[in-house]
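Colleague: My structure is below; once you've seen it, I'll send some questions.
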Amino acid sequence: MIRPATAEDAPDLAPLIILALGHIACIFAKSDDPEDAIPLMERFIGSKGNQYSYENTLVYEDQDGVIGSIVGYDGARLHELRAPVLKVIRESDPDFSPGDETEAGEYYVDCVNVDPAHQGKGIGKKLLQAFCELAAAKHFNRVGLIVDHVNPDARKVYEKVGFQVAGEKDFLGHTYDHMVREISF
């Protein structure tokens, strides 16, 4: 079942979102171990008004509990939603300044993730479809995301649900394909 996340989901969501963030989680934690970012991510997920908030998250839950999620928001709100995250990160790294990975006019998929034990079952596709339906309900006609060049498997999933490459973006030391899916409402 796909449902909106709650603040109480933060402990279940943090490890999943860390999987999706990959090297970005290491930057957040100032560590070589992305799991060191779990407490920080729990804090963000459980709070309102930031890009990783439960407010911006749909979860996939089955009899095993929360096994997947998708986080996203209006691309025009990136700076507003990122500000609380930057405030915390800049406490230890005052010069941290990521570029913009999204833009106005698209409903942006910040991260989508599925527990490794449940991958390959179509859960990611279902979450992406639910997110596109949410975007349409909010009157967006474009959903965007970025996918790291070192993650061709994710790119294949996005292509299967209708995303197409619209360009490239450099973000936090990696080159990403900017992919979009046009939707109608």
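Ligands are numbered from 1 in the order shown, residues from 1 within each chain, and chains are lettered A, B, ... in the order they appear in the structure tokens.
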Tell me, as a list in words, which residues lie within 9 Å of Lys126 in chain A, counting only C-alpha atoms; anything in the same chain fewer than 4 positions away does not count.

Modeller: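 Within the cut-off, the hits are Ile2, Tyr60, Gly122, Ala130 and Phe131 of chain A.
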
Colleague: Need to verify the contact set: range 105-113 of chain A, 7 Å, only C-alpha atoms, exclusion of same-chain residues closer than 5 positions in sequence. Can you return it as number ranges by chain?

Modeller: A: 16-17, 19-20, 68-76, 124, 135, 140, 142-145

Colleague: Write the selection just made, keeping C-alpha atoms, as a PDB file, in the first residue's frame?

Modeller:
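The new file selection.pdb reads:
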ATOM      1  CA  LEU A  16      16.063   3.851   2.985  1.00  0.00           C
ATOM      2  CA  ILE A  17      16.660   7.472   2.032  1.00  0.00           C
ATOM      3  CA  LEU A  19      20.470   4.256   0.287  1.00  0.00           C
ATOM      4  CA  ALA A  20      19.103   6.607  -2.354  1.00  0.00           C
ATOM      5  CA  GLY A  68      10.099   1.925   0.067  1.00  0.00           C
ATOM      6  CA  SER A  69       9.556   5.635  -0.304  1.00  0.00           C
ATOM      7  CA  ILE A  70       9.639   8.539  -2.692  1.00  0.00           C
ATOM      8  CA  VAL A  71      10.475  12.090  -1.675  1.00  0.00           C
ATOM      9  CA  GLY A  72       9.631  15.064  -3.845  1.00  0.00           C
ATOM     10  CA  TYR A  73       8.264  18.573  -4.080  1.00  0.00           C
ATOM     11  CA  ASP A  74       7.621  21.583  -6.276  1.00  0.00           C
ATOM     12  CA  GLY A  75      10.975  22.424  -7.888  1.00  0.00           C
ATOM     13  CA  ALA A  76      10.261  26.138  -7.420  1.00  0.00           C
ATOM     14  CA  GLY A 124       9.902   1.581  -7.350  1.00  0.00           C
ATOM     15  CA  ALA A 135       1.946  15.790  -9.463  1.00  0.00           C
ATOM     16  CA  PHE A 140       1.988  19.963 -12.693  1.00  0.00           C
ATOM     17  CA  ARG A 142       6.158  17.730 -15.732  1.00  0.00           C
ATOM     18  CA  VAL A 143       7.929  15.483 -13.250  1.00  0.00           C
ATOM     19  CA  GLY A 144      11.704  15.708 -13.112  1.00  0.00           C
ATOM     20  CA  LEU A 145      14.547  13.853 -11.465  1.00  0.00           C
TER      21      LEU A 145
END

Colleague: Excluding range 177-181 of chain A and any residue of its chain fewer than 3 positions from it, enumerate the residues within 9 Å of it, using only C-alpha atoms, and give them as a PyMOL selection string.

Modeller: chain A and resi 101-102+106+132+141-149+155+158-159+161-170

Colleague: Produce a file of the selected residues containing C-alpha atoms, as a CSV table (one decimal), in the first residue's frame.

Modeller:
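Result written to result_21.csv:
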chain,number,residue,atom,x,y,z
A,101,GLU,CA,19.2,19.9,-9.1
A,102,THR,CA,15.7,21.0,-10.0
A,106,GLU,CA,8.6,20.5,-12.5
A,132,CYS,CA,3.3,11.3,-11.1
A,141,ASN,CA,2.5,18.8,-16.2
A,142,ARG,CA,6.2,17.7,-15.7
A,143,VAL,CA,7.9,15.5,-13.3
A,144,GLY,CA,11.7,15.7,-13.1
A,145,LEU,CA,14.5,13.9,-11.5
A,146,ILE,CA,18.3,13.4,-11.8
A,147,VAL,CA,20.0,10.1,-12.1
A,148,ASP,CA,23.8,9.6,-11.5
A,149,HIS,CA,25.7,8.3,-14.5
A,155,ARG,CA,17.9,5.0,-15.2
A,158,TYR,CA,12.9,5.6,-14.9
A,159,GLU,CA,12.8,5.0,-18.6
A,161,VAL,CA,7.8,4.5,-16.5
A,162,GLY,CA,8.1,7.2,-19.2
A,163,PHE,CA,11.1,9.4,-18.2
A,164,GLN,CA,13.3,10.7,-20.9
A,165,VAL,CA,16.7,12.4,-20.7
A,166,ALA,CA,16.3,16.2,-21.1
A,167,GLY,CA,19.9,17.2,-20.4
A,168,GLU,CA,22.7,16.8,-17.8
A,169,LYS,CA,23.4,18.4,-14.5
A,170,ASP,CA,26.6,18.5,-12.4

Colleague: List the neighbours of Gly49 in chain A out to 10 Å using only C-alpha atoms; skip same-chain residues closer than 6 positions along the sequence, and give me the result as a ChimeraX atom specification.

Modeller: /A:55-56,80-85

Colleague: With only C-alpha atoms as the counted atoms, please give the residues lying no more than 6 Å from Tyr54 in chain A, apart from itself and same-chain residues fewer than 5 positions off, as a list in words.

Modeller: Ala5, Thr6, Ala7 and Ile45 of chain A
